[in-house]
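The file work.cif comes next; it holds mmCIF, C-alpha atoms.
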data_structure
loop_
_atom_site.label_atom_id
_atom_site.label_comp_id
_atom_site.auth_asym_id
_atom_site.auth_seq_id
_atom_site.Cartn_x
_atom_site.Cartn_y
_atom_site.Cartn_z
CA MET A 832 215.03 106.06 164.34
CA ARG A 833 216.92 104.99 161.24
CA HIS A 834 215.26 101.54 161.31
CA ALA A 835 211.82 103.18 161.59
CA ARG A 836 212.46 105.30 158.51
CA ARG A 837 213.56 102.21 156.58
CA ARG A 838 210.39 100.38 157.54
CA ILE A 839 208.27 103.33 156.38
CA VAL A 840 210.10 103.51 153.02
CA ARG A 841 209.71 99.75 152.47
CA ARG A 842 206.02 99.92 153.33
CA VAL A 843 205.38 102.83 150.91
CA ALA A 844 207.30 101.01 148.14
CA ARG A 845 205.23 97.85 148.65
CA LEU A 846 201.98 99.81 148.56
CA ALA A 847 203.05 101.61 145.37
CA ALA A 848 203.96 98.30 143.72
CA VAL A 849 200.60 96.76 144.65
CA GLY A 850 198.81 99.85 143.34
CA GLY A 851 200.77 99.59 140.11
CA LEU A 852 199.71 95.96 139.72
CA LEU A 853 196.06 96.91 140.14
CA LEU A 854 196.35 99.84 137.70
CA GLY A 855 198.19 97.78 135.08
CA GLY A 856 195.65 94.98 135.34
CA THR A 857 192.80 97.46 134.81
CA MET A 858 194.54 98.94 131.76
CA VAL A 859 195.07 95.50 130.21
CA THR A 860 191.45 94.53 130.87
CA ARG A 861 190.12 97.68 129.21
CA ALA A 862 192.43 97.30 126.21
CA VAL A 863 191.34 93.70 125.67
CA ALA A 864 187.67 94.58 126.14
CA SER A 865 187.83 97.39 123.58
CA GLU A 866 188.19 96.02 120.07
CA PRO A 867 191.17 97.80 118.45
CA PRO A 868 191.14 98.53 114.74
CA GLY A 869 192.49 95.68 112.64
CA PRO A 870 195.91 96.25 111.13
CA SER A 871 194.65 95.36 107.65
CA ALA A 872 191.69 97.73 107.72
CA ALA A 873 191.80 100.44 105.09
CA PRO A 874 192.32 103.91 106.55
CA ARG A 875 189.11 105.85 107.06
CA THR A 876 189.22 109.56 107.64
CA LEU A 877 186.92 111.78 109.62
CA ALA A 878 185.91 113.55 106.42
CA GLN A 879 185.06 110.25 104.75
CA THR A 880 182.96 109.11 107.70
CA ALA A 881 181.14 112.43 107.88
CA SER A 882 180.57 112.47 104.13
CA GLY A 883 179.16 108.95 104.22
CA ALA A 884 176.76 109.89 107.01
CA GLY A 885 175.62 112.99 105.11
CA ALA A 886 175.17 111.07 101.86
CA ASP A 887 173.08 108.42 103.63
CA LEU A 888 170.77 111.06 105.09
CA VAL A 889 170.37 112.81 101.73
CA ALA A 890 169.56 109.51 100.02
CA ARG A 891 167.02 108.61 102.71
CA LEU A 892 165.24 111.98 102.78
CA GLY A 893 165.30 112.59 99.00
CA GLY A 894 166.13 115.48 96.70
CA ASP A 895 162.92 117.40 97.41
CA ARG A 896 163.61 117.62 101.15
CA THR A 897 167.39 118.12 101.05
CA ALA A 898 169.87 120.34 99.20
CA GLY A 899 173.22 118.62 99.58
CA HIS A 900 175.64 117.91 102.41
CA TRP A 901 179.15 118.94 103.40
CA VAL A 902 181.78 118.61 106.11
CA ASP A 903 182.20 121.55 108.51
CA ALA A 904 185.47 122.85 109.95
CA ASP A 905 185.23 120.39 112.85
CA GLY A 906 184.75 117.40 110.52
CA ARG A 907 181.04 116.98 111.33
CA PRO A 908 178.44 116.22 108.64
CA VAL A 909 176.06 119.05 107.78
CA VAL A 910 172.90 118.43 105.72
CA ALA A 911 170.83 121.16 104.07
CA VAL A 912 167.11 120.48 104.46
CA THR A 913 163.96 122.30 103.38
CA ASP A 914 161.64 121.62 106.33
CA GLU A 915 161.77 121.26 110.09
CA SER A 916 160.73 117.60 110.17
CA SER A 917 163.70 116.72 107.96
CA ALA A 918 165.93 118.83 110.21
CA ASN A 919 164.79 116.82 113.24
CA ALA A 920 165.55 113.57 111.40
CA VAL A 921 169.06 114.83 110.62
CA ARG A 922 169.67 115.86 114.23
CA ARG A 923 168.46 112.50 115.54
CA ALA A 924 171.03 110.86 113.26
CA GLY A 925 173.78 112.88 114.94
CA ALA A 926 174.42 115.36 112.10
CA THR A 927 173.94 119.12 111.90
CA ALA A 928 170.91 120.39 109.99
CA LYS A 929 170.70 123.67 108.08
CA VAL A 930 167.26 124.72 106.90
CA VAL A 931 167.36 126.30 103.42
CA ARG A 932 164.81 127.64 100.92
CA HIS A 933 165.68 125.68 97.78
CA SER A 934 165.86 121.92 97.39
CA MET A 935 168.40 119.89 95.45
CA SER A 936 165.77 119.32 92.77
CA GLU A 937 165.49 123.08 92.26
CA LEU A 938 169.26 123.57 92.16
CA ARG A 939 169.70 120.81 89.59
CA SER A 940 166.85 122.18 87.50
CA ALA A 941 168.61 125.55 87.44
CA ALA A 942 171.89 123.92 86.33
CA SER A 943 170.01 122.07 83.60
CA THR A 944 168.55 125.36 82.33
CA LEU A 945 172.03 126.89 82.20
CA ARG A 946 173.33 123.90 80.22
CA SER A 947 170.55 124.28 77.66
CA ALA A 948 171.34 127.98 77.14
CA PRO A 949 173.71 129.04 74.31
CA ARG A 950 177.24 128.02 75.24
CA VAL A 951 179.55 130.81 76.43
CA THR A 952 183.25 129.96 76.48
CA GLY A 953 184.98 131.07 79.67
CA THR A 954 182.05 130.38 82.00
CA ALA A 955 181.50 127.76 84.68
CA TRP A 956 178.84 126.94 87.24
CA ALA A 957 178.44 124.66 90.21
CA LEU A 958 176.00 123.95 93.02
CA ASP A 959 177.08 125.70 96.22
CA TYR A 960 175.43 123.63 98.94
CA ARG A 961 176.49 125.90 101.79
CA SER A 962 174.98 129.07 100.30
CA ASN A 963 172.07 127.16 98.71
CA GLU A 964 172.80 128.76 95.37
CA VAL A 965 173.94 127.97 91.86
CA VAL A 966 177.09 130.03 91.32
CA VAL A 967 177.86 131.11 87.74
CA ARG A 968 181.37 132.43 87.07
CA GLY A 969 182.71 134.23 84.02
CA ASP A 970 186.40 134.81 83.28
CA ARG A 971 187.96 137.84 81.62
CA THR A 972 187.47 136.45 78.12
CA VAL A 973 183.67 136.63 78.37
CA SER A 974 182.37 139.69 76.51
CA GLY A 975 179.91 142.10 78.05
CA ALA A 976 177.18 141.03 75.64
CA ASP A 977 177.61 137.33 76.41
CA TRP A 978 177.67 138.01 80.14
CA SER A 979 174.54 140.12 79.91
CA ARG A 980 172.75 137.38 77.97
CA LEU A 981 173.74 134.73 80.52
CA THR A 982 172.68 137.03 83.35
CA GLY A 983 169.25 137.26 81.75
CA VAL A 984 168.99 133.47 81.77
CA ALA A 985 169.98 133.41 85.45
CA GLU A 986 167.41 136.04 86.39
CA GLY A 987 164.74 133.98 84.67
CA ILE A 988 165.63 130.99 86.85
CA GLY A 989 165.40 132.77 90.19
CA GLU A 990 167.25 134.70 92.86
CA PHE A 991 169.23 131.66 93.97
CA VAL A 992 171.51 131.87 90.91
CA ARG A 993 174.53 134.05 91.75
CA MET A 994 176.67 135.64 89.03
CA GLU A 995 180.40 136.24 89.64
CA ARG A 996 183.26 137.57 87.56
CA VAL A 997 186.70 135.98 88.17
CA GLU A 998 190.24 136.94 87.21
CA GLY A 999 192.22 134.86 84.78
CA THR A 1000 190.74 132.41 82.29
CA PHE A 1001 189.21 128.96 82.54
CA THR A 1002 191.61 126.77 80.59
CA THR A 1003 192.79 123.21 80.59
CA ARG A 1004 196.16 122.90 82.30
CA LEU A 1005 197.96 121.39 79.33
CA ASN A 1006 201.29 122.68 78.36
CA GLY A 1007 201.33 114.21 89.39
CA ALA A 1008 202.85 113.35 89.13
CA GLU A 1009 205.72 112.90 86.86
CA PRO A 1010 205.82 114.94 83.64
CA ILE A 1011 204.81 113.20 80.42
CA LEU A 1012 205.41 114.87 77.08
CA SER A 1013 204.11 114.53 73.53
CA THR A 1014 203.75 116.71 70.46
CA ALA A 1015 200.55 118.06 72.04
CA GLY A 1016 202.43 119.46 75.05
CA ARG A 1017 203.26 118.52 78.63
CA CYS A 1018 200.90 116.90 81.13
CA SER A 1019 201.26 115.11 84.46
CA ALA A 1020 200.80 111.41 85.05
CA GLY A 1021 197.77 110.67 87.20
CA PHE A 1022 197.13 107.26 88.77
CA ASN A 1023 198.27 103.83 87.64
CA VAL A 1024 195.39 101.51 86.73
CA THR A 1025 195.04 98.05 85.22
CA ASP A 1026 192.53 95.95 83.33
CA GLY A 1027 194.05 92.75 84.68
CA THR A 1028 196.26 92.22 81.65
CA SER A 1029 198.02 95.53 80.97
CA ASP A 1030 198.81 98.57 83.10
CA PHE A 1031 197.95 102.16 82.18
CA ILE A 1032 198.25 105.77 83.31
CA LEU A 1033 194.90 107.43 83.90
CA THR A 1034 195.30 111.13 83.11
CA ALA A 1035 193.32 114.03 81.62
CA GLY A 1036 191.52 113.53 78.30
CA HIS A 1037 192.46 116.93 76.91
CA CYS A 1038 196.16 116.02 77.16
CA GLY A 1039 196.00 114.26 73.81
CA PRO A 1040 193.74 112.22 71.53
CA THR A 1041 193.90 108.47 71.00
CA GLY A 1042 197.20 107.58 69.37
CA SER A 1043 199.26 110.24 71.15
CA VAL A 1044 202.73 108.91 72.05
CA TRP A 1045 204.14 110.00 75.41
CA PHE A 1046 207.74 110.31 76.58
CA GLY A 1047 209.26 110.71 80.02
CA ASP A 1048 211.92 113.25 79.00
CA GLY A 1049 212.36 116.17 76.65
CA GLU A 1050 214.79 114.30 74.39
CA GLY A 1051 212.26 111.64 73.40
CA ASP A 1052 214.62 108.85 74.49
CA ARG A 1053 212.31 107.20 77.01
CA GLN A 1054 208.89 106.31 75.64
CA VAL A 1055 206.27 105.99 78.36
CA GLY A 1056 203.31 104.77 76.32
CA GLU A 1057 200.49 105.61 73.97
CA THR A 1058 196.96 106.94 74.52
CA VAL A 1059 194.53 104.13 73.76
CA ALA A 1060 191.20 105.54 75.01
CA GLY A 1061 189.70 108.70 76.41
CA SER A 1062 186.85 111.20 76.51
CA PHE A 1063 187.04 114.97 76.00
CA PRO A 1064 185.05 117.19 75.99
CA GLY A 1065 182.00 116.02 77.93
CA ASP A 1066 184.35 114.18 80.31
CA ASP A 1067 188.07 114.74 80.78
CA PHE A 1068 189.99 111.46 81.12
CA SER A 1069 192.23 109.28 79.00
CA LEU A 1070 194.19 106.03 79.25
CA VAL A 1071 197.88 105.78 78.36
CA GLU A 1072 199.06 102.18 77.95
CA TYR A 1073 202.61 101.57 79.17
CA ALA A 1074 205.05 100.76 76.38
CA GLY A 1075 206.17 97.62 78.21
CA GLY A 1076 202.68 96.71 79.37
CA LYS A 1077 203.51 97.04 83.07
CA ALA A 1078 203.80 100.00 85.40
CA GLY A 1079 206.75 98.50 87.31
CA ASP A 1080 207.70 98.87 90.98
CA ASP A 1081 205.88 101.30 93.25
CA ALA A 1082 202.96 101.54 90.84
CA ASP A 1083 200.76 102.44 93.81
CA VAL A 1084 202.82 105.55 94.67
CA VAL A 1085 202.19 109.02 93.24
CA ALA A 1086 205.04 111.51 93.14
CA VAL A 1087 204.74 114.73 95.13
CA GLY A 1088 208.14 116.27 94.38
CA ASP A 1089 211.63 116.20 95.88
CA GLY A 1090 211.85 112.45 95.34
CA LYS A 1091 208.94 111.83 97.73
CA GLY A 1092 205.72 109.95 97.16
CA VAL A 1093 202.37 108.99 98.63
CA ARG A 1094 201.15 105.41 98.61
CA ILE A 1095 197.57 105.08 97.32
CA THR A 1096 195.38 102.57 99.13
CA GLY A 1097 192.03 102.96 97.33
CA THR A 1098 189.51 105.32 95.76
CA GLY A 1099 187.06 107.64 97.44
CA GLU A 1100 184.22 110.09 96.85
CA PRO A 1101 185.06 113.70 97.77
CA ALA A 1102 182.91 115.77 100.11
CA VAL A 1103 182.34 119.51 100.04
CA GLY A 1104 184.60 121.02 102.69
CA GLN A 1105 187.07 118.13 102.63
CA ARG A 1106 190.79 118.94 102.63
CA VAL A 1107 192.50 117.55 99.54
CA PHE A 1108 195.92 117.54 97.87
CA ARG A 1109 196.98 117.81 94.25
CA SER A 1110 200.33 117.01 92.68
CA GLY A 1111 201.54 118.21 89.30
CA SER A 1112 204.74 118.41 87.30
CA THR A 1113 204.67 122.24 87.21
CA SER A 1114 203.64 123.41 90.67
CA GLY A 1115 204.30 120.28 92.74
CA LEU A 1116 202.20 119.45 95.78
CA ARG A 1117 199.38 121.85 96.69
CA ALA A 1118 196.56 121.70 99.23
CA GLY A 1119 193.05 123.11 99.48
CA ARG A 1120 189.43 122.16 99.98
CA VAL A 1121 186.55 120.89 97.89
CA THR A 1122 184.18 123.80 97.29
CA ALA A 1123 181.51 122.21 95.07
CA LEU A 1124 180.56 119.07 93.18
CA ASP A 1125 178.97 118.39 89.78
CA ALA A 1126 180.54 121.51 88.28
CA THR A 1127 180.30 122.45 84.58
CA VAL A 1128 183.11 124.31 82.77
CA ASN A 1129 182.97 125.78 79.26
CA TYR A 1130 186.58 125.49 78.10
CA PRO A 1131 187.60 126.89 74.71
CA GLU A 1132 187.85 123.27 73.51
CA GLY A 1133 184.37 122.31 74.74
CA THR A 1134 182.14 121.80 77.77
CA VAL A 1135 182.98 119.34 80.55
CA THR A 1136 180.41 118.39 83.20
CA GLY A 1137 180.36 116.50 86.49
CA LEU A 1138 183.63 117.95 87.78
CA ILE A 1139 184.92 118.48 91.33
CA GLU A 1140 185.49 122.17 92.12
CA THR A 1141 188.27 123.11 94.57
CA ASP A 1142 190.28 126.12 95.71
CA VAL A 1143 193.56 124.27 95.08
CA CYS A 1144 195.79 126.16 92.67
CA ALA A 1145 197.18 124.67 89.43
CA GLU A 1146 199.24 125.83 86.47
CA PRO A 1147 199.85 124.74 82.87
CA GLY A 1148 201.50 121.32 82.82
CA ASP A 1149 199.62 120.14 85.93
CA SER A 1150 196.83 118.64 83.80
CA GLY A 1151 196.12 115.00 84.56
CA GLY A 1152 197.92 115.10 87.90
CA PRO A 1153 196.41 113.21 90.84
CA MET A 1154 194.13 114.60 93.54
CA PHE A 1155 193.95 112.56 96.73
CA SER A 1156 193.20 112.70 100.44
CA GLU A 1157 194.40 110.37 103.19
CA GLY A 1158 195.93 108.08 100.58
CA LEU A 1159 192.65 107.74 98.68
CA ALA A 1160 192.52 108.64 94.99
CA LEU A 1161 189.77 111.17 94.17
CA GLY A 1162 190.37 112.59 90.69
CA VAL A 1163 192.72 113.95 88.04
CA THR A 1164 193.35 117.61 87.23
CA SER A 1165 191.20 119.02 84.44
CA GLY A 1166 191.63 122.81 84.38
CA GLY A 1167 190.76 126.06 86.08
CA SER A 1168 191.68 129.70 86.48
CA GLY A 1169 194.46 131.58 88.26
CA ASP A 1170 197.86 130.29 89.30
CA CYS A 1171 199.77 129.34 92.44
CA ALA A 1172 201.00 132.90 92.99
CA LYS A 1173 197.53 134.48 93.20
CA GLY A 1174 195.41 131.39 93.80
CA GLY A 1175 192.39 130.33 91.82
CA THR A 1176 189.84 127.62 91.13
CA THR A 1177 190.77 124.16 89.83
CA PHE A 1178 188.44 121.45 88.53
CA PHE A 1179 189.02 117.70 88.65
CA GLN A 1180 187.60 114.73 86.78
CA PRO A 1181 186.21 112.28 89.39
CA LEU A 1182 188.16 109.03 89.36
CA PRO A 1183 185.40 106.41 89.93
CA GLU A 1184 183.40 107.62 86.92
CA ALA A 1185 186.49 107.55 84.67
CA MET A 1186 187.55 104.04 85.77
CA LYS A 1187 184.06 102.66 85.30
CA SER A 1188 183.86 104.09 81.79
CA LEU A 1189 187.31 102.76 80.84
CA GLY A 1190 186.85 99.34 82.46
CA VAL A 1191 189.95 99.55 84.67
CA ARG A 1192 190.71 99.44 88.37
CA LEU A 1193 193.22 101.30 90.50
CA ILE A 1194 196.59 99.71 91.30
CA VAL A 1195 196.82 100.02 95.07
CA SER A 1196 199.12 98.89 97.83
CA GLY A 1197 199.19 95.17 98.53
CA ARG A 1198 199.16 96.10 102.20
CA GLU A 1199 196.00 98.11 102.62
CA GLY A 1200 196.55 100.86 105.13
CA ALA A 1201 200.30 100.28 105.16
CA ALA A 1202 202.72 103.12 105.27
CA ALA A 1203 204.06 104.68 102.16
CA GLY A 1204 207.41 103.36 101.13
CA ALA A 1205 208.65 106.81 100.30
CA PRO A 1206 208.93 109.59 102.86
CA ALA A 1207 205.79 111.61 103.31
CA PRO A 1208 205.83 115.27 102.32
CA SER A 1209 206.00 117.69 105.18
CA ALA A 1210 207.18 121.06 103.89
CA SER A 1211 203.91 121.75 102.11
CA GLY A 1212 201.71 120.66 104.96
CA ALA A 1213 200.47 117.37 103.58
CA ALA A 1214 201.47 115.27 106.54
CA GLY A 1215 199.69 117.61 108.92
CA ALA A 1216 196.37 117.04 107.20
CA GLY A 1217 196.92 113.33 106.97
CA ALA A 1218 196.59 113.11 103.24
CA SER A 1219 199.94 111.48 102.89
CA ALA A 1220 201.11 110.83 106.41
CA PRO A 1221 202.99 107.54 106.51
CA ALA A 1222 201.33 106.23 109.64
CA ALA A 1223 198.14 105.15 107.94
CA GLY A 1224 197.96 101.75 109.54
CA ALA A 1225 199.51 99.34 111.98
CA ASP A 1226 202.43 98.48 109.73
CA GLY A 1227 203.44 102.10 109.62
CA THR A 1228 203.57 102.63 113.37
CA SER A 1229 206.73 102.24 115.38
CA LEU A 1230 207.15 99.82 118.27
CA ARG A 1231 207.40 102.71 120.69
CA ALA A 1232 204.13 104.19 119.39
CA ARG A 1233 202.32 100.87 119.77
CA LEU A 1234 203.64 100.34 123.28
CA THR A 1235 202.59 103.81 124.41
CA ASP A 1236 199.16 103.72 122.75
CA ARG A 1237 196.61 103.50 125.56
CA ARG A 1238 194.25 101.52 123.31
CA ASN A 1239 196.73 98.62 123.29
CA VAL A 1240 197.72 96.22 126.07
CA GLY A 1241 201.34 97.42 125.91
CA PRO A 1242 201.10 100.23 128.48
CA GLY A 1243 199.22 98.03 130.93
CA LEU A 1244 201.77 95.24 130.61
CA LEU A 1245 204.59 97.71 131.14
CA VAL A 1246 202.96 98.98 134.36
CA VAL A 1247 202.40 95.40 135.59
CA ALA A 1248 206.00 94.42 134.82
CA GLY A 1249 207.40 97.51 136.54
CA SER A 1250 205.25 96.92 139.60
CA LEU A 1251 206.37 93.27 139.85
CA VAL A 1252 210.01 94.33 139.62
CA ALA A 1253 209.47 96.92 142.36
CA LEU A 1254 207.66 94.40 144.58
CA VAL A 1255 210.38 91.77 144.15
CA ALA A 1256 213.09 94.36 144.77
CA THR A 1257 211.54 95.58 148.03
CA ARG A 1258 211.11 91.98 149.19
CA TRP A 1259 214.71 91.15 148.33
CA ILE A 1260 216.01 94.28 150.12
CA ARG A 1261 214.03 93.41 153.26
CA THR A 1262 215.30 89.81 153.22
CA GLU A 1263 218.90 90.97 152.86
CA GLN A 1264 218.53 93.47 155.69
CA ASP A 1265 216.98 90.85 157.97
CA ARG A 1266 219.77 88.38 157.12
CA LYS A 1267 222.48 90.92 157.90
CA ALA A 1268 220.79 91.88 161.18
CA TYR A 1269 220.59 88.23 162.20
CA ARG A 1270 224.29 87.70 161.40
CA ARG A 1271 225.25 90.72 163.50
CA GLN A 1272 223.14 89.52 166.41
CA TYR A 1273 224.50 85.97 166.14
CA SER A 1274 228.09 87.22 166.01
CA ALA A 1275 227.58 89.41 169.05
CA THR A 1276 225.99 86.55 171.00
CA TRP A 1277 228.71 84.06 170.02
CA GLY A 1278 231.44 86.52 171.03
#
Translate this file's structure into structure tokens.
Amino acid sequence: MRHARRRIVRRVARLAAVGGLLLGGTMVTRAVASEPPGPSAAPRTLAQTASGAGADLVARLGGDRTAGHWVDADGRPVVAVTDESSANAVRRAGATAKVVRHSMSELRSAASTLRSAPRVTGTAWALDYRSNEVVVRGDRTVSGADWSRLTGVAEGIGEFVRMERVEGTFTTRLNGAEPILSTAGRCSAGFNVTDGTSDFILTAGHCGPTGSVWFGDGEGDRQVGETVAGSFPGDDFSLVEYAGGKAGDDADVVAVGDGKGVRITGTGEPAVGQRVFRSGSTSGLRAGRVTALDATVNYPEGTVTGLIETDVCAEPGDSGGPMFSEGLALGVTSGGSGDCAKGGTTFFQPLPEAMKSLGVRLIVSGREGAAAGAPAPSASGAAGAGASAPAAGADGTSLRARLTDRRNVGPGLLVVAGSLVALVATRWIRTEQDRKAYRRQYSATWG
């Protein structure tokens, strides 16, 4: 009876080992057949992919048949269209279509009419793709007479212009992103850029005019650099040339507080609905979403157009600080309303436009898609959204993670190796048992 049980156990073990060999071989075959992402490929987020698909559809269908695109809560591209045939084209492309009344051409015409009206300080407007409206906001500094006059302009445009009053005031956030100080006040360093010869800080234009000298401490002992170019109002960007000409080590990392940083791997175009992060020397790292593009703000100092509107909070001193998502640089902080206790609206100068105008390029990691050298922030939720998670590419993944990733050959090889060990072990155990049985039989016969 005992020998029968042993034979059954050995037979089951051999069958399991053979099954493991077959399973491991299948896993290896599938992993090899599927082309894994290259380790040097730049990270690409779901929001970026969806935004690219939406932008392609809008470009193909045109401004008279579409009214913008955005990313929904599930990361899928949504395109606003004005007719059913365009909606069918969007659905065939794998995106979600929303039929609306007013085209992008109409929305932009309305924004143009608002720009040509008498300027009212403390107002802002942007195109809200999701509601298919132009939203005009006025802060508490706008008088009743000015608001009434602007409301009359909006009514003349049409019912798709929505008027809103907001708390607080629309101001530049002068008083990242490490703090930089001058006689004009305190700002936050944005992104490091270069023209191939010298390195610069790209920050907000309202932080200081050309010739402003910046320091890295309140005592004025450590000179950072001098503003050599910029644009404000109209745009809101400026270029601070490093005093030594070079940005130094970790020039591709932006500070997010508590000695932590995020490595920047490239630039990107934001999408409405995309989750983004902002860092500043006053309020640190904050998160939110893009709510509108091509926004116009009438600051007390002047009007700035073409801004990114978000619901990320900001406070004085955060001006010029970087906005990014998934390690991609998107813009620098311009201004807004509210604070980080009550919330508010914050506007950003898009980065590609500023770099093109200044003739510079972003200093990025030499290992595209590599992990950040500094720990990623976690307390404020950045790592959860992926904006600064260190595992952006193959270099940032651990050996254990690679071995257990089903898209790689590692798991299959582990199963094959374990099955071979089990098969050899069962064979060796059977051989030993047979040898011992033979010796017992031989001894009994000889005796």
How many Å separate atom CA of Asn1129 of chain A from atom CA of Phe1001 of chain A? 7.7 Å
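Distances here use only C-alpha atoms; by that measure, the residue among A:Gly894, A:Pro1181, A:Gly1104, A:Gly999 closest to Phe1155 of chain A is A:Pro1181.
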Find the smallest box with edges along x, y and z containing every listed atom of segment 1064-1070 of chain A, then add 3 Å on each side and report centre and edge lengths in Å to one decimal, as AutoDock Vina command-line options.
--center_x 188.1 --center_y 111.6 --center_z 78.6 --size_x 18.2 --size_y 17.2 --size_z 11.1
Rounded to one decimal place, report the atom CA of Gly1027 of chain A-atom CA of Gly1042 of chain A distance in Å.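 Computing it gives 21.5 Å between the two atoms.
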Atom CA of Arg1094 of chain A to atom CA of Asp903 of chain A: how many Å, to one decimal? 26.8 Å
Give as a PyMOL selection string the residues that the PyMOL selection byres ((chain A and resi 1122) around 12) matches when applied to the coordinates above. chain A and resi 900-903+956-962+966+1101-1107+1119-1121+1123-1126+1138-1143+1175-1179
What does the PyMOL selection byres ((chain A and resi 1172) around 12) select in this file, as a list in words? Ser1114, Arg1117, Val1143, Cys1144, Ala1145, Glu1146, Ser1168, Gly1169, Asp1170, Cys1171, Lys1173, Gly1174 and Gly1175 of chain A
Quick one: write out the picked residues with C-alpha atoms as an mmCIF file, in the frame of the given file?
data_model
loop_
_atom_site.group_PDB
_atom_site.id
_atom_site.type_symbol
_atom_site.label_atom_id
_atom_site.label_comp_id
_atom_site.auth_asym_id
_atom_site.auth_seq_id
_atom_site.Cartn_x
_atom_site.Cartn_y
_atom_site.Cartn_z
ATOM 1 C CA SER A 1114 203.640 123.410 90.670
ATOM 2 C CA ARG A 1117 199.380 121.850 96.690
ATOM 3 C CA VAL A 1143 193.560 124.270 95.080
ATOM 4 C CA CYS A 1144 195.790 126.160 92.670
ATOM 5 C CA ALA A 1145 197.180 124.670 89.430
ATOM 6 C CA GLU A 1146 199.240 125.830 86.470
ATOM 7 C CA SER A 1168 191.680 129.700 86.480
ATOM 8 C CA GLY A 1169 194.460 131.580 88.260
ATOM 9 C CA ASP A 1170 197.860 130.290 89.300
ATOM 10 C CA CYS A 1171 199.770 129.340 92.440
ATOM 11 C CA LYS A 1173 197.530 134.480 93.200
ATOM 12 C CA GLY A 1174 195.410 131.390 93.800
ATOM 13 C CA GLY A 1175 192.390 130.330 91.820
#
Considering only C-alpha atoms, can you say which of A:Leu1159, A:Ala918, A:Val1128, A:Ala904 comes closest to Gln1180 of chain A?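 Counting only C-alpha atoms, the residue closest to Gln1180 of chain A is A:Val1128.
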For the structure shown, which residues end up in the PyMOL selection byres ((chain A and resi 953) around 10)? Put them as a PyMOL selection string, please? chain A and resi 950-952+954-955+968-974+997+999-1002+1128-1131+1134+1167-1168
Give the answer as one residue: which of A:Thr1041, A:Ser940, A:Thr1098, A:Ser1196 has the shortest atom-to-atom distance to Met1154 of chain A, using all atoms listed in the file?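 Checking each of A:Thr1041, A:Ser940, A:Thr1098, A:Ser1196 against Met1154 of chain A, counting all atoms listed in the file, the winner is A:Thr1098.
By chain and then residue number, the residues within 7 Å of Thr1025 of chain A are Gly1027, Thr1028, Ser1029, Asp1030, Phe1031, Val1191, Arg1192, Leu1193 and Ile1194 of chain A, counting only C-alpha atoms and disregarding those fewer than 2 positions away in sequence.
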Looking at only C-alpha atoms, which of A:Gly1039, A:Gly1166, A:Gly1021, A:Gly989 is the one that sits closest to Pro1153 of chain A?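 The shortest atom-to-atom distance to Pro1153 of chain A comes from A:Gly1021.
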Smallest atom-to-atom distance to Ile1032 of chain A: which of A:Ala1248, A:Val1093, A:Leu1161, A:Leu1189, using all atoms listed in the file? A:Leu1189
Exercise: Thr1058 of chain A partners within 8 Å, only C-alpha atoms, chain neighbours under 6 positions left out, as a list in words: Gly1039, Pro1040, Thr1041, Gly1042, Ser1043, Val1044, Trp1045, Ser1069, Leu1070, Val1071 and Glu1072 of chain A
